[in-house]
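**Q** The structure under discussion is supplied below as structure tokens; questions concerning it will follow.
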Amino acid sequence: MKITEALFAEHLVFHNMFDHIEARAPKLKTLAEVKSLAALMESLLKSHSDTEDELFIGPLEHCFEQLGQRDAFLEEHQEIDASLRNLQQAKQLEKARQLLLAAVAYSRKHFDKEERIVFPLAERVLNSKTLTALGQTWIEQRTRAAL
Ligand SMILES: [Fe+2]
Ligand SMILES: [Fe+2]
């Protein structure tokens, strides 16, 4: 499996999770519930973003630099992560809810950009042997994380 196919498959799971959070968030009645949903999102997103940082940034670095996108790509991962961590400090339910929904909206935009720009770029620039080798690394990392 190519790394782009693996990451895209992960995106599909996240799209479902984002739908679920957007549907649930308005109905949550306690700060603790909002925070626990945010913590789940944070931890799942973190391992996805770390994989992209490790397996994608390196081989595609020269292209990102040409596009002026290298820092944007890394920064967006950090911003999403930081906003979800900050949410844990919120004292009011409404504020936390707002932050959670903002993090989901921002993540959707980030995912959309990857699907429209970054993944197709990787498919164009890297040959299929490299894409498959990176896919294999992805499988090994995920297997190790699950043990
Ligand atoms: Fe990403
Ligand atoms: Fe992604």
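Scheme for the structure tokens: letters A, B, ... for chains in order shown; per-chain residue numbers from 1; ligand numbers from 1 in order shown.
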Fewer than 5 positions away in the same chain doesn't count, so skip those; otherwise give me all residues within 12 Å of Ser43 of chain A, counting only C-alpha atoms, as a list in words.
**A**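 My reading of the contact set: Ser36, Leu37, Ala38, His48, Ser49, Asp50, Ile80, Asp81, Ala82, Leu84 and Arg85 of chain A.
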**Q** Neighbours of ligand 1 at 9 Å or closer, counting only C-alpha atoms and all ligand atoms: which residues, as a ChimeraX atom specification?
**A** /A:45,48-53,73-74,76-77,107,110-111,113-114
**Q** Grab the atom CA of Lys27 of chain A to atom CA of Val13 of chain A distance for me, in Å with one decimal place.
**A**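 Separating atom CA of Lys27 of chain A from atom CA of Val13 of chain A is a distance of 22.0 Å.
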**Q** Near Leu67 of chain A, within 12 Å and counting only C-alpha atoms, which residues show up once chain neighbours fewer than 5 positions away are dropped, as an NGL selection string?
**A** :A and (60-62 or 72-73 or 117-118 or 121)
**Q** Nearest residue to ligand 2 out of A:Asp71, A:Glu33, A:Asp112, A:Glu54, using only C-alpha atoms and all ligand atoms?
**A**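 Among the listed residues, the smallest separation from ligand 2 belongs to A:Asp112.
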**Q** Just want the 12 Å neighbourhood of segment 127-140 of chain A, counted on only C-alpha atoms, with same-chain residues fewer than 5 positions away dropped. Output as a ChimeraX atom specification.
**A** /A:1-10,47-48,50-60,119-122,145-147
**Q** Set the distance at 9 Å and use only C-alpha atoms: which residues neighbour Glu22 of chain A once local chain neighbours fewer than 6 positions away are removed? I'd like the list as a list in words.
**A**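 My list of contacting residues is Leu100, Leu101 and Val104 of chain A.
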**Q** Next, the residues of the selection above should be written as a short mmCIF file (atom, residue, chain, number, x, y, z; two decimals), in the first residue's frame with N, CA and C atoms.
**A**
data_model
loop_
_atom_site.label_atom_id
_atom_site.label_comp_id
_atom_site.auth_asym_id
_atom_site.auth_seq_id
_atom_site.Cartn_x
_atom_site.Cartn_y
_atom_site.Cartn_z
N LEU A 100 -13.53 23.54 20.95
CA LEU A 100 -13.57 22.21 20.33
C LEU A 100 -14.08 22.30 18.90
N LEU A 101 -15.18 23.04 18.71
CA LEU A 101 -15.75 23.16 17.36
C LEU A 101 -14.81 23.92 16.44
N VAL A 104 -12.14 21.51 15.32
CA VAL A 104 -12.65 20.60 14.28
C VAL A 104 -12.69 21.32 12.93
#
